[in-house]
Every structure is written in C-alpha cells, then in structure tokens.
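What follows is the content of entry14.pdb (PDB, C-alpha atoms, pLDDT in the B column).
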```
ATOM      1  CA  MET Y   1     123.965 -12.484 114.634  1.00 94.00           C
ATOM      2  CA  SER Y   2     120.234 -12.804 115.076  1.00 96.00           C
ATOM      3  CA  ARG Y   3     117.504 -10.348 114.143  1.00 98.00           C
ATOM      4  CA  TYR Y   4     115.126  -9.171 116.862  1.00 98.00           C
ATOM      5  CA  PHE Y   5     111.959  -7.120 116.392  1.00 98.00           C
ATOM      6  CA  PHE Y   6     111.020  -4.577 119.070  1.00 98.00           C
ATOM      7  CA  ASN Y   7     107.247  -4.221 118.964  1.00 98.00           C
ATOM      8  CA  LEU Y   8     105.853  -1.551 121.283  1.00 97.00           C
ATOM      9  CA  ARG Y   9     102.714  -2.290 123.316  1.00 97.00           C
ATOM     10  CA  ASP Y  10     100.999   0.675 124.982  1.00 94.00           C
ATOM     11  CA  GLU Y  11      98.823   0.848 128.083  1.00 92.00           C
ATOM     12  CA  SER Y  12      95.619   0.374 126.085  1.00 93.00           C
ATOM     13  CA  GLY Y  13      96.939  -2.797 124.457  1.00 92.00           C
ATOM     14  CA  SER Y  14      97.649  -1.262 121.049  1.00 95.00           C
ATOM     15  CA  LEU Y  15     100.689  -2.654 119.296  1.00 95.00           C
ATOM     16  CA  GLN Y  16     103.143  -0.752 117.108  1.00 96.00           C
ATOM     17  CA  GLU Y  17     105.094  -3.316 115.110  1.00 97.00           C
ATOM     18  CA  ASP Y  18     108.769  -3.046 114.231  1.00 97.00           C
ATOM     19  CA  PRO Y  19     108.938  -4.015 110.535  1.00 96.00           C
ATOM     20  CA  GLU Y  20     112.746  -4.036 110.214  1.00 96.00           C
ATOM     21  CA  GLY Y  21     114.220  -5.306 113.467  1.00 96.00           C
ATOM     22  CA  GLN Y  22     117.853  -5.080 114.525  1.00 97.00           C
ATOM     23  CA  GLU Y  23     120.687  -7.575 114.663  1.00 97.00           C
ATOM     24  CA  PHE Y  24     122.282  -8.548 117.964  1.00 97.00           C
ATOM     25  CA  SER Y  25     124.729 -11.242 118.972  1.00 97.00           C
ATOM     26  CA  ASP Y  26     122.314 -12.677 121.560  1.00 97.00           C
ATOM     27  CA  LEU Y  27     119.134 -12.044 123.514  1.00 96.00           C
ATOM     28  CA  ALA Y  28     121.050 -10.401 126.378  1.00 96.00           C
ATOM     29  CA  SER Y  29     122.334  -7.754 123.957  1.00 96.00           C
ATOM     30  CA  ALA Y  30     118.810  -7.188 122.658  1.00 97.00           C
ATOM     31  CA  GLU Y  31     117.588  -6.777 126.252  1.00 95.00           C
ATOM     32  CA  GLU Y  32     120.346  -4.215 126.917  1.00 94.00           C
ATOM     33  CA  ASN Y  33     119.155  -2.284 123.891  1.00 95.00           C
ATOM     34  CA  ALA Y  34     115.558  -2.484 125.118  1.00 95.00           C
ATOM     35  CA  MET Y  35     116.648  -0.999 128.473  1.00 94.00           C
ATOM     36  CA  ALA Y  36     118.536   1.879 126.818  1.00 94.00           C
ATOM     37  CA  SER Y  37     115.723   2.554 124.326  1.00 94.00           C
ATOM     38  CA  ALA Y  38     113.049   2.533 127.033  1.00 94.00           C
ATOM     39  CA  LYS Y  39     115.108   4.962 129.144  1.00 93.00           C
ATOM     40  CA  GLU Y  40     115.507   7.248 126.133  1.00 93.00           C
ATOM     41  CA  ILE Y  41     111.777   7.230 125.351  1.00 93.00           C
ATOM     42  CA  LEU Y  42     110.859   7.886 128.989  1.00 92.00           C
ATOM     43  CA  ALA Y  43     113.427  10.701 129.268  1.00 92.00           C
ATOM     44  CA  GLU Y  44     112.202  12.377 126.065  1.00 93.00           C
ATOM     45  CA  GLU Y  45     108.621  12.303 127.268  1.00 91.00           C
ATOM     46  CA  LEU Y  46     109.576  13.777 130.654  1.00 91.00           C
ATOM     47  CA  LEU Y  47     111.640  16.510 128.994  1.00 93.00           C
ATOM     48  CA  HIS Y  48     108.586  17.466 126.947  1.00 94.00           C
ATOM     49  CA  GLY Y  49     106.379  17.720 130.044  1.00 94.00           C
ATOM     50  CA  LYS Y  50     104.542  14.465 129.480  1.00 92.00           C
ATOM     51  CA  PRO Y  51     103.710  12.044 132.312  1.00 87.00           C
ATOM     52  CA  LEU Y  52     105.895   9.001 132.931  1.00 84.00           C
ATOM     53  CA  ARG Y  53     104.358   6.151 130.905  1.00 85.00           C
ATOM     54  CA  THR Y  54     105.659   3.072 132.690  1.00 83.00           C
ATOM     55  CA  GLY Y  55     102.814   0.968 131.250  1.00 90.00           C
ATOM     56  CA  LEU Y  56     104.587   0.704 127.888  1.00 95.00           C
ATOM     57  CA  ALA Y  57     106.462  -2.490 127.035  1.00 97.00           C
ATOM     58  CA  PHE Y  58     108.682  -3.829 124.311  1.00 98.00           C
ATOM     59  CA  GLU Y  59     107.588  -7.237 123.069  1.00 98.00           C
ATOM     60  CA  ILE Y  60     110.724  -8.648 121.499  1.00 98.00           C
ATOM     61  CA  PHE Y  61     110.369 -11.285 118.811  1.00 98.00           C
ATOM     62  CA  ASP Y  62     113.102 -13.349 117.189  1.00 97.00           C
ATOM     63  CA  GLU Y  63     113.606 -13.724 113.442  1.00 95.00           C
ATOM     64  CA  ASN Y  64     111.003 -16.527 113.388  1.00 95.00           C
ATOM     65  CA  ARG Y  65     108.519 -14.094 114.958  1.00 95.00           C
ATOM     66  CA  ASN Y  66     108.451 -15.979 118.264  1.00 97.00           C
ATOM     67  CA  LEU Y  67     108.025 -13.847 121.390  1.00 98.00           C
ATOM     68  CA  VAL Y  68     111.291 -14.206 123.327  1.00 98.00           C
ATOM     69  CA  LEU Y  69     111.093 -11.347 125.837  1.00 97.00           C
ATOM     70  CA  ARG Y  70     108.625  -8.838 127.200  1.00 98.00           C
ATOM     71  CA  PHE Y  71     110.408  -5.756 128.560  1.00 97.00           C
ATOM     72  CA  PRO Y  72     108.132  -3.423 130.586  1.00 96.00           C
ATOM     73  CA  PHE Y  73     109.266   0.211 130.654  1.00 94.00           C
ATOM     74  CA  ALA Y  74     108.689   0.126 134.428  1.00 93.00           C
ATOM     75  CA  LEU Y  75     111.902  -1.954 134.668  1.00 92.00           C
ATOM     76  CA  ALA Y  76     113.858   0.769 132.879  1.00 89.00           C
ATOM     77  CA  ALA Y  77     112.434   3.378 135.268  1.00 83.00           C
ATOM     78  CA  GLU Y  78     113.405   1.291 138.312  1.00 83.00           C
ATOM     79  CA  ARG Y  79     116.808  -0.072 137.324  1.00 80.00           C
ATOM     80  CA  ALA Y  80     120.145   1.601 136.911  1.00 78.00           C
ATOM     81  CA  GLY Y  81     121.686   1.167 133.507  1.00 68.00           C
ATOM     82  CA  PRO Y  82     123.691   2.883 130.817  1.00 62.00           C
ATOM     83  CA  SER Y  83     122.484   6.325 129.871  1.00 60.00           C
ATOM     84  CA  PRO Y  84     120.496   6.529 126.635  1.00 54.00           C
TER
END
```

Turn this file's structure into structure tokens for me.
Amino acid sequence: MSRYFFNLRDESGSLQEDPEGQEFSDLASAEENAMASAKEILAEELLHGKPLRTGLAFEIFDENRNLVLRFPFALAAERAGPSP
C-alpha cells in the first residue's frame, strides 16, 4: 500500500493541502477515488444551489511528495463512473 495526498487546487490557483493522505494499492485506485470524490463535491455544490465548479482539480502526490497525477473536476463531470 502506498500513501497518496489529495491536494485541492481551485480556479484562482489557491491550494488546500491534504495533511494526512490515504492509502491505496496503486495509482489507478487513487485515481478512482479522485473521480468519486470529485463527483461527490460537485453533486453537493449543485444540491446547495451553487454553480458547477469544473475548474477545481486534485493534485495527487505520492508519499515522497512527488506530483503523480492532476485530476481536473471537469473529467468527473464529463465521464461516467461509480456514484459517490
């Protein structure tokens, strides 16, 4: 298992860092989680009458704090996937 950190970058460039991270068996599993989490965040915002913020992105870092994947929320809005 490897630890991945899901930092959240907003449209203005501000970064909200994930101090704890989560363990996954591989990067593909971390990407699946990013998809589900992005869908959940987008759905919650829509349910509360907020506009769809597809400019958000997860910047996923490995346990050595190397950027391994950038996951734009626009992908979650465009692609089918498991429900949040």

| For Y:Asn7, which residue out of Y:Leu75, Y:Ala57, Y:Ala80, Y:Val68 is the nearest one, using only C-alpha atoms? | Y:Ala57

| said: Could you tell me, as a ChimeraX atom specification, exactly which residues end up selected when the PyMOL selection byres ((chain Y and resi 28) around 12) is applied to this structure? | reply: /Y:2,4,24-27,29-35,60,68-69,71

Print the selection's residues with C-alpha atoms to a file, as a compact mmCIF listing (two decimals), keeping the file's coordinate frame.
```
# COMPACT_ATOMS: atom_id res chain seq x y z
CA SER Y 2 120.23 -12.80 115.08
CA TYR Y 4 115.13 -9.17 116.86
CA PHE Y 24 122.28 -8.55 117.96
CA SER Y 25 124.73 -11.24 118.97
CA ASP Y 26 122.31 -12.68 121.56
CA LEU Y 27 119.13 -12.04 123.51
CA SER Y 29 122.33 -7.75 123.96
CA ALA Y 30 118.81 -7.19 122.66
CA GLU Y 31 117.59 -6.78 126.25
CA GLU Y 32 120.35 -4.22 126.92
CA ASN Y 33 119.16 -2.28 123.89
CA ALA Y 34 115.56 -2.48 125.12
CA MET Y 35 116.65 -1.00 128.47
CA ILE Y 60 110.72 -8.65 121.50
CA VAL Y 68 111.29 -14.21 123.33
CA LEU Y 69 111.09 -11.35 125.84
CA PHE Y 71 110.41 -5.76 128.56
```

| request: Expand the PyMOL selection byres ((chain Y and resi 53) around 12) into the individual residues it matches in the shown file, reporting them as a ChimeraX atom specification. | output: /Y:9-12,38-39,41-46,49-52,54-57,72-77

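In this structure, atom CA of Y:Pro19 sits 19.8 Å away from atom CA of Y:Ala36.
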
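The smallest atom-to-atom distance between Y:Asp62 and any of Y:Ser37, Y:Arg3, Y:Glu23, Y:Arg79, using all atoms listed in the file, is found for Y:Arg3.
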
| task | Report the distance between atom CA of Y:Asp18 and atom CA of Y:Leu47 in Å, rounded to one decimal place. | result |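 Taking atom CA of Y:Asp18 and atom CA of Y:Leu47, their separation equals 24.7 Å.
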
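Between atom CA of Y:Gly13 and atom CA of Y:Phe61 the interatomic distance comes to 16.9 Å.
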
| query | Of the candidates Y:Glu59, Y:Arg70, Y:Asn64, Y:Glu40, which one gets nearest to Y:Leu15 if we count all atoms listed in the file? | reply | Y:Glu59

Write out as AutoDock Vina command-line options an axis-aligned box for stretch 11-16 of chain Y: all of its atoms listed in the file, 5 Å added on each side, centre and edge lengths in Å with one decimal.
```
--center_x 99.4 --center_y -1.0 --center_z 122.6 --size_x 17.5 --size_y 13.6 --size_z 21.0
```
